[in-house]
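Structure file data-v6.pdb; described as PDB, C-alpha atoms.
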```pdb
ATOM      1  CA  MET N   1       0.000   0.000   0.000
ATOM      2  CA  GLN N   2       1.236   3.476  -0.895
ATOM      3  CA  PRO N   3       1.970   5.651   2.175
ATOM      4  CA  THR N   4       0.127   8.936   2.439
ATOM      5  CA  ALA N   5       1.097  12.333   3.796
ATOM      6  CA  THR N   6      -1.285  14.379   5.902
ATOM      7  CA  VAL N   7      -1.502  18.088   5.124
ATOM      8  CA  LEU N   8      -3.262  20.421   7.553
ATOM      9  CA  VAL N   9      -4.907  23.407   5.849
ATOM     10  CA  TYR N  10      -5.889  26.384   8.028
ATOM     11  CA  SER N  11      -8.091  29.157   6.679
ATOM     12  CA  ASP N  12     -11.355  30.683   7.824
ATOM     13  CA  ASP N  13     -12.308  30.892   4.121
ATOM     14  CA  SER N  14     -13.597  27.632   2.636
ATOM     15  CA  ASN N  15     -12.720  28.919  -0.867
ATOM     16  CA  THR N  16      -9.063  29.248   0.117
ATOM     17  CA  ARG N  17      -9.061  25.742   1.570
ATOM     18  CA  GLU N  18     -10.560  24.498  -1.698
ATOM     19  CA  GLN N  19      -7.899  26.340  -3.753
ATOM     20  CA  VAL N  20      -5.220  24.537  -1.730
ATOM     21  CA  ARG N  21      -6.818  21.112  -2.224
ATOM     22  CA  LEU N  22      -7.255  21.664  -5.958
ATOM     23  CA  ALA N  23      -3.730  23.055  -6.437
ATOM     24  CA  ALA N  24      -2.112  20.113  -4.651
ATOM     25  CA  GLY N  25      -4.305  17.450  -6.176
ATOM     26  CA  ARG N  26      -3.889  13.936  -4.847
ATOM     27  CA  ARG N  27      -0.108  14.003  -5.352
ATOM     28  CA  PRO N  28       1.750  17.319  -5.769
ATOM     29  CA  ALA N  29       4.748  15.595  -7.446
ATOM     30  CA  PRO N  30       5.500  12.078  -8.678
ATOM     31  CA  ASP N  31       8.180  11.436  -6.036
ATOM     32  CA  VAL N  32       6.077  12.324  -2.978
ATOM     33  CA  PRO N  33       3.258  10.335  -1.374
ATOM     34  CA  LEU N  34      -0.429  10.829  -1.971
ATOM     35  CA  VAL N  35      -1.817  13.574   0.272
ATOM     36  CA  GLU N  36      -4.806  13.621   2.566
ATOM     37  CA  PHE N  37      -6.097  16.919   3.888
ATOM     38  CA  VAL N  38      -7.225  17.924   7.353
ATOM     39  CA  GLU N  39      -9.074  21.230   7.172
ATOM     40  CA  CYS N  40      -9.217  23.697  10.056
ATOM     41  CA  ALA N  41     -11.157  26.953  10.198
ATOM     42  CA  THR N  42      -9.947  28.133  13.627
ATOM     43  CA  PRO N  43      -6.574  28.395  15.393
ATOM     44  CA  GLN N  44      -7.923  26.161  18.171
ATOM     45  CA  ALA N  45      -8.677  23.420  15.632
ATOM     46  CA  VAL N  46      -5.102  23.678  14.319
ATOM     47  CA  LEU N  47      -3.691  23.155  17.814
ATOM     48  CA  ARG N  48      -6.039  20.196  18.450
ATOM     49  CA  GLU N  49      -4.977  18.488  15.214
ATOM     50  CA  LEU N  50      -1.275  19.066  15.895
ATOM     51  CA  ASP N  51      -1.701  17.651  19.411
ATOM     52  CA  LYS N  52      -3.116  14.464  17.864
ATOM     53  CA  GLY N  53       0.035  14.072  15.752
ATOM     54  CA  GLY N  54       0.435  12.670  12.274
ATOM     55  CA  ILE N  55       0.567  15.988  10.403
ATOM     56  CA  ASP N  56       3.356  16.104   7.801
ATOM     57  CA  VAL N  57       2.972  19.705   6.551
ATOM     58  CA  CYS N  58       0.837  22.678   7.621
ATOM     59  CA  VAL N  59      -0.550  25.151   5.088
ATOM     60  CA  LEU N  60      -1.583  28.336   6.898
ATOM     61  CA  ASP N  61      -3.533  31.267   5.439
ATOM     62  CA  GLY N  62      -1.801  34.502   6.392
ATOM     63  CA  GLU N  63      -5.042  36.377   5.681
ATOM     64  CA  ALA N  64      -7.228  34.253   8.001
ATOM     65  CA  VAL N  65      -9.443  35.909  10.606
ATOM     66  CA  PRO N  66      -9.432  36.298  13.622
ATOM     67  CA  MET N  67      -5.818  35.035  13.790
ATOM     68  CA  GLY N  68      -3.701  35.040  10.666
ATOM     69  CA  GLY N  69      -1.524  32.153   9.624
ATOM     70  CA  MET N  70       1.634  34.114  10.428
ATOM     71  CA  GLY N  71       0.675  34.370  14.084
ATOM     72  CA  VAL N  72      -0.436  30.736  14.161
ATOM     73  CA  CYS N  73       2.865  29.717  12.555
ATOM     74  CA  ARG N  74       4.954  31.563  15.113
ATOM     75  CA  GLN N  75       2.883  30.072  17.937
ATOM     76  CA  ILE N  76       3.144  26.479  16.746
ATOM     77  CA  LYS N  77       6.877  26.819  16.035
ATOM     78  CA  ASP N  78       7.265  27.866  19.703
ATOM     79  CA  GLU N  79       4.801  25.428  21.271
ATOM     80  CA  VAL N  80       4.645  22.226  19.197
ATOM     81  CA  PHE N  81       7.457  19.726  19.698
ATOM     82  CA  ASN N  82       8.892  18.618  16.335
ATOM     83  CA  CYS N  83       6.579  21.039  14.540
ATOM     84  CA  PRO N  84       5.881  20.035  10.952
ATOM     85  CA  PRO N  85       7.079  22.343   8.180
ATOM     86  CA  VAL N  86       4.793  25.265   7.400
ATOM     87  CA  LEU N  87       3.812  26.627   3.994
ATOM     88  CA  LEU N  88       2.394  30.113   4.445
ATOM     89  CA  LEU N  89      -0.142  31.704   2.097
ATOM     90  CA  MET N  90       0.534  35.450   1.878
ATOM     91  CA  GLY N  91      -1.630  38.228   0.516
ATOM     92  CA  ARG N  92       1.267  40.027  -1.215
ATOM     93  CA  PRO N  93       4.873  39.257  -2.120
ATOM     94  CA  GLN N  94       5.976  42.267  -0.040
ATOM     95  CA  ASP N  95       4.946  40.303   3.074
ATOM     96  CA  ALA N  96       7.836  37.856   2.651
ATOM     97  CA  TRP N  97       9.636  39.460   5.596
ATOM     98  CA  LEU N  98       6.628  38.630   7.790
ATOM     99  CA  ALA N  99       6.813  35.022   6.638
ATOM    100  CA  THR N 100      10.427  35.008   7.822
ATOM    101  CA  TRP N 101       9.382  36.556  11.149
ATOM    102  CA  SER N 102       6.753  33.839  11.592
ATOM    103  CA  ARG N 103       9.403  31.146  10.932
ATOM    104  CA  ALA N 104       7.489  29.646   8.009
ATOM    105  CA  ASP N 105       9.502  27.124   6.009
ATOM    106  CA  ALA N 106       8.102  28.365   2.677
ATOM    107  CA  ALA N 107       5.626  30.942   1.425
ATOM    108  CA  VAL N 108       3.507  31.513  -1.679
ATOM    109  CA  THR N 109       1.111  34.311  -2.559
ATOM    110  CA  LEU N 110      -2.655  34.275  -2.860
ATOM    111  CA  PRO N 111      -4.532  33.528  -4.989
ATOM    112  CA  VAL N 112      -2.932  30.101  -5.092
ATOM    113  CA  ASP N 113      -0.917  29.422  -8.242
ATOM    114  CA  PRO N 114      -1.212  25.625  -8.713
ATOM    115  CA  VAL N 115       2.295  25.111 -10.129
ATOM    116  CA  GLU N 116       4.079  27.230  -7.511
ATOM    117  CA  PHE N 117       1.991  25.795  -4.677
ATOM    118  CA  ALA N 118       2.431  22.130  -5.685
ATOM    119  CA  SER N 119       6.179  22.660  -6.080
ATOM    120  CA  SER N 120       6.522  24.270  -2.632
ATOM    121  CA  LEU N 121       4.358  21.621  -0.966
ATOM    122  CA  ALA N 122       6.286  18.784  -2.629
ATOM    123  CA  SER N 123       9.580  20.315  -1.474
ATOM    124  CA  LEU N 124       8.377  20.422   2.136
ATOM    125  CA  LEU N 125       7.094  16.844   1.920
ATOM    126  CA  ARG N 126      10.501  15.707   0.643
ATOM    127  CA  GLN N 127      12.258  17.507   3.509
ATOM    128  CA  ARG N 128       9.885  15.973   6.039
ATOM    129  CA  ARG N 129      10.529  12.500   4.634
ATOM    130  CA  LEU N 130      14.317  12.984   4.853
ATOM    131  CA  VAL N 131      14.101  14.258   8.431
ATOM    132  CA  GLY N 132      11.782  11.406   9.449
ATOM    133  CA  ALA N 133      14.000   8.733   7.854
TER     134      ALA N 133
END
```

Translate the structure of the given file into structure tokens.
Amino acid sequence: MQPTATVLVYSDDSNTREQVRLAAGRRPAPDVPLVEFVECATPQAVLRELDKGGIDVCVLDGEAVPMGGMGVCRQIKDEVFNCPPVLLLMGRPQDAWLATWSRADAAVTLPVDPVEFASSLASLLRQRRLVGA
């Protein structure tokens, strides 16, 4: 059986969560596992899912309300042991410095560009696999 990777997607906007799912597809690259998505609409749900374990990559919406993905990223990097890599969705390219402040492992801009997003997600999945091996 083919192993799968679990990707947590945090956004208060269901359309953004759908963009992420569609951009990644079932497998963002041929050399990474199939992906399953766990969707979260609140920061509390993100923390609950991370506490359960089994998340390989987090995709966080920097434009989410009431707490943006940048703040959530910084919090989980401080509080979650062995925090999975984070792919941050930013509203504008000029916010790249905020992505660095939040300690995100990668960042892409909204709206989601499928090629750029799938490439970034696949890269983080590869890194996670190497670290976990």

Next item on the list: With all atoms listed in the file counted, which protein, DNA or RNA residues have an atom no more than 12 Å from (2.3, 14.7, -5.1) in the file frame? Please answer as number ranges by chain.
Entry: N: 3-7, 21-36, 115, 117-126

Check: So how far away is atom CA of Leu88 of chain N from atom CA of Gly62 of chain N, in Å?
Finding: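 Taking atom CA of Gly62 of chain N as the start and atom CA of Leu88 of chain N as the end point, the length is 6.4 Å.
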
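Neighbouring residues of Ser11 of chain N at 6 Å or closer, counting only C-alpha atoms and skipping chain neighbours under 6 positions away, are Ala41, Asp61 and Ala64 of chain N.
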
Keeping only C-alpha atoms, write the selected residues to a file as an mmCIF file, in the coordinates of the input.
```
data_model
loop_
_atom_site.group_PDB
_atom_site.id
_atom_site.type_symbol
_atom_site.label_atom_id
_atom_site.label_comp_id
_atom_site.auth_asym_id
_atom_site.auth_seq_id
_atom_site.Cartn_x
_atom_site.Cartn_y
_atom_site.Cartn_z
ATOM 1 C CA ALA N 41 -11.157 26.953 10.198
ATOM 2 C CA ASP N 61 -3.533 31.267 5.439
ATOM 3 C CA ALA N 64 -7.228 34.253 8.001
#
```

Notebook entry, point to check: Between atom CA of Leu89 of chain N and atom CA of Val59 of chain N, what is the distance, to one decimal in Å?
Noted result: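 Between atom CA of Leu89 of chain N and atom CA of Val59 of chain N the gap is 7.2 Å.
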
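Of the listed residues N:Met67, N:Val57, N:Ser14, N:Glu116, the one whose atoms come nearest to Ala104 of chain N is N:Val57, with distances taken using only C-alpha atoms.
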
So what does the PyMOL selection byres ((chain N and resi 105) around 9) actually pick up in this one, as a PDB file with C-alpha atoms, in the frame of the given file?
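Below you can see part.pdb, which holds the result:
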```pdb
ATOM      1  CA  PRO N  85       7.079  22.343   8.180  1.00  0.00           C
ATOM      2  CA  VAL N  86       4.793  25.265   7.400  1.00  0.00           C
ATOM      3  CA  LEU N  87       3.812  26.627   3.994  1.00  0.00           C
ATOM      4  CA  LEU N  88       2.394  30.113   4.445  1.00  0.00           C
ATOM      5  CA  ALA N  99       6.813  35.022   6.638  1.00  0.00           C
ATOM      6  CA  THR N 100      10.427  35.008   7.822  1.00  0.00           C
ATOM      7  CA  ARG N 103       9.403  31.146  10.932  1.00  0.00           C
ATOM      8  CA  ALA N 104       7.489  29.646   8.009  1.00  0.00           C
ATOM      9  CA  ALA N 106       8.102  28.365   2.677  1.00  0.00           C
ATOM     10  CA  ALA N 107       5.626  30.942   1.425  1.00  0.00           C
ATOM     11  CA  LEU N 124       8.377  20.422   2.136  1.00  0.00           C
TER      12      LEU N 124
END
```

Would you output segment 43-73 of chain N from that structure, restricted to N, CA and C atoms, as a PDB file, in the first residue's frame?
```
ATOM      1  N   PRO N  43      -7.889  28.708  14.810  1.00  0.00           N
ATOM      2  CA  PRO N  43      -6.574  28.395  15.393  1.00  0.00           C
ATOM      3  C   PRO N  43      -6.659  27.269  16.427  1.00  0.00           C
ATOM      4  N   GLN N  44      -7.754  27.215  17.167  1.00  0.00           N
ATOM      5  CA  GLN N  44      -7.923  26.161  18.171  1.00  0.00           C
ATOM      6  C   GLN N  44      -7.958  24.782  17.510  1.00  0.00           C
ATOM      7  N   ALA N  45      -8.614  24.693  16.355  1.00  0.00           N
ATOM      8  CA  ALA N  45      -8.677  23.420  15.632  1.00  0.00           C
ATOM      9  C   ALA N  45      -7.287  23.005  15.155  1.00  0.00           C
ATOM     10  N   VAL N  46      -6.476  23.970  14.740  1.00  0.00           N
ATOM     11  CA  VAL N  46      -5.102  23.678  14.319  1.00  0.00           C
ATOM     12  C   VAL N  46      -4.335  23.051  15.482  1.00  0.00           C
ATOM     13  N   LEU N  47      -4.411  23.671  16.644  1.00  0.00           N
ATOM     14  CA  LEU N  47      -3.691  23.155  17.814  1.00  0.00           C
ATOM     15  C   LEU N  47      -4.177  21.768  18.209  1.00  0.00           C
ATOM     16  N   ARG N  48      -5.494  21.528  18.133  1.00  0.00           N
ATOM     17  CA  ARG N  48      -6.039  20.196  18.450  1.00  0.00           C
ATOM     18  C   ARG N  48      -5.481  19.142  17.497  1.00  0.00           C
ATOM     19  N   GLU N  49      -5.469  19.450  16.206  1.00  0.00           N
ATOM     20  CA  GLU N  49      -4.977  18.488  15.214  1.00  0.00           C
ATOM     21  C   GLU N  49      -3.483  18.221  15.398  1.00  0.00           C
ATOM     22  N   LEU N  50      -2.712  19.264  15.684  1.00  0.00           N
ATOM     23  CA  LEU N  50      -1.275  19.066  15.895  1.00  0.00           C
ATOM     24  C   LEU N  50      -1.014  18.258  17.156  1.00  0.00           C
ATOM     25  N   ASP N  51      -1.836  18.440  18.184  1.00  0.00           N
ATOM     26  CA  ASP N  51      -1.701  17.651  19.411  1.00  0.00           C
ATOM     27  C   ASP N  51      -1.947  16.167  19.149  1.00  0.00           C
ATOM     28  N   LYS N  52      -2.834  15.864  18.211  1.00  0.00           N
ATOM     29  CA  LYS N  52      -3.116  14.464  17.864  1.00  0.00           C
ATOM     30  C   LYS N  52      -1.914  13.803  17.193  1.00  0.00           C
ATOM     31  N   GLY N  53      -1.123  14.609  16.472  1.00  0.00           N
ATOM     32  CA  GLY N  53       0.035  14.072  15.752  1.00  0.00           C
ATOM     33  C   GLY N  53      -0.347  13.610  14.355  1.00  0.00           C
ATOM     34  N   GLY N  54       0.665  13.210  13.597  1.00  0.00           N
ATOM     35  CA  GLY N  54       0.435  12.670  12.274  1.00  0.00           C
ATOM     36  C   GLY N  54       0.356  13.686  11.156  1.00  0.00           C
ATOM     37  N   ILE N  55       0.597  14.952  11.442  1.00  0.00           N
ATOM     38  CA  ILE N  55       0.567  15.988  10.403  1.00  0.00           C
ATOM     39  C   ILE N  55       1.975  16.096   9.807  1.00  0.00           C
ATOM     40  N   ASP N  56       2.058  16.037   8.474  1.00  0.00           N
ATOM     41  CA  ASP N  56       3.356  16.104   7.801  1.00  0.00           C
ATOM     42  C   ASP N  56       3.725  17.522   7.376  1.00  0.00           C
ATOM     43  N   VAL N  57       2.743  18.317   6.961  1.00  0.00           N
ATOM     44  CA  VAL N  57       2.972  19.705   6.551  1.00  0.00           C
ATOM     45  C   VAL N  57       1.733  20.512   6.927  1.00  0.00           C
ATOM     46  N   CYS N  58       1.944  21.752   7.355  1.00  0.00           N
ATOM     47  CA  CYS N  58       0.837  22.678   7.621  1.00  0.00           C
ATOM     48  C   CYS N  58       0.824  23.750   6.529  1.00  0.00           C
ATOM     49  N   VAL N  59      -0.358  24.040   6.019  1.00  0.00           N
ATOM     50  CA  VAL N  59      -0.550  25.151   5.088  1.00  0.00           C
ATOM     51  C   VAL N  59      -1.428  26.158   5.825  1.00  0.00           C
ATOM     52  N   LEU N  60      -0.887  27.342   6.081  1.00  0.00           N
ATOM     53  CA  LEU N  60      -1.583  28.336   6.898  1.00  0.00           C
ATOM     54  C   LEU N  60      -1.860  29.592   6.086  1.00  0.00           C
ATOM     55  N   ASP N  61      -3.092  30.066   6.150  1.00  0.00           N
ATOM     56  CA  ASP N  61      -3.533  31.267   5.439  1.00  0.00           C
ATOM     57  C   ASP N  61      -3.156  32.505   6.251  1.00  0.00           C
ATOM     58  N   GLY N  62      -2.229  33.283   5.721  1.00  0.00           N
ATOM     59  CA  GLY N  62      -1.801  34.502   6.392  1.00  0.00           C
ATOM     60  C   GLY N  62      -2.887  35.552   6.495  1.00  0.00           C
ATOM     61  N   GLU N  63      -3.947  35.415   5.695  1.00  0.00           N
ATOM     62  CA  GLU N  63      -5.042  36.377   5.681  1.00  0.00           C
ATOM     63  C   GLU N  63      -6.237  35.916   6.518  1.00  0.00           C
ATOM     64  N   ALA N  64      -6.105  34.794   7.224  1.00  0.00           N
ATOM     65  CA  ALA N  64      -7.228  34.253   8.001  1.00  0.00           C
ATOM     66  C   ALA N  64      -7.618  35.199   9.130  1.00  0.00           C
ATOM     67  N   VAL N  65      -8.882  35.096   9.526  1.00  0.00           N
ATOM     68  CA  VAL N  65      -9.443  35.909  10.606  1.00  0.00           C
ATOM     69  C   VAL N  65     -10.065  34.947  11.619  1.00  0.00           C
ATOM     70  N   PRO N  66      -9.941  35.141  12.891  1.00  0.00           N
ATOM     71  CA  PRO N  66      -9.432  36.298  13.622  1.00  0.00           C
ATOM     72  C   PRO N  66      -7.922  36.265  13.834  1.00  0.00           C
ATOM     73  N   MET N  67      -7.268  35.114  13.607  1.00  0.00           N
ATOM     74  CA  MET N  67      -5.818  35.035  13.790  1.00  0.00           C
ATOM     75  C   MET N  67      -5.207  34.566  12.482  1.00  0.00           C
ATOM     76  N   GLY N  68      -4.321  35.376  11.937  1.00  0.00           N
ATOM     77  CA  GLY N  68      -3.701  35.040  10.666  1.00  0.00           C
ATOM     78  C   GLY N  68      -2.725  33.889  10.788  1.00  0.00           C
ATOM     79  N   GLY N  69      -2.433  33.289   9.660  1.00  0.00           N
ATOM     80  CA  GLY N  69      -1.524  32.153   9.624  1.00  0.00           C
ATOM     81  C   GLY N  69      -0.125  32.480  10.092  1.00  0.00           C
ATOM     82  N   MET N  70       0.297  33.746   9.958  1.00  0.00           N
ATOM     83  CA  MET N  70       1.634  34.114  10.428  1.00  0.00           C
ATOM     84  C   MET N  70       1.730  34.002  11.946  1.00  0.00           C
ATOM     85  N   GLY N  71       0.702  34.486  12.627  1.00  0.00           N
ATOM     86  CA  GLY N  71       0.675  34.370  14.084  1.00  0.00           C
ATOM     87  C   GLY N  71       0.554  32.929  14.536  1.00  0.00           C
ATOM     88  N   VAL N  72      -0.280  32.155  13.838  1.00  0.00           N
ATOM     89  CA  VAL N  72      -0.436  30.736  14.161  1.00  0.00           C
ATOM     90  C   VAL N  72       0.889  30.015  13.947  1.00  0.00           C
ATOM     91  N   CYS N  73       1.584  30.343  12.854  1.00  0.00           N
ATOM     92  CA  CYS N  73       2.865  29.717  12.555  1.00  0.00           C
ATOM     93  C   CYS N  73       3.871  29.973  13.678  1.00  0.00           C
TER      94      CYS N  73
END
```
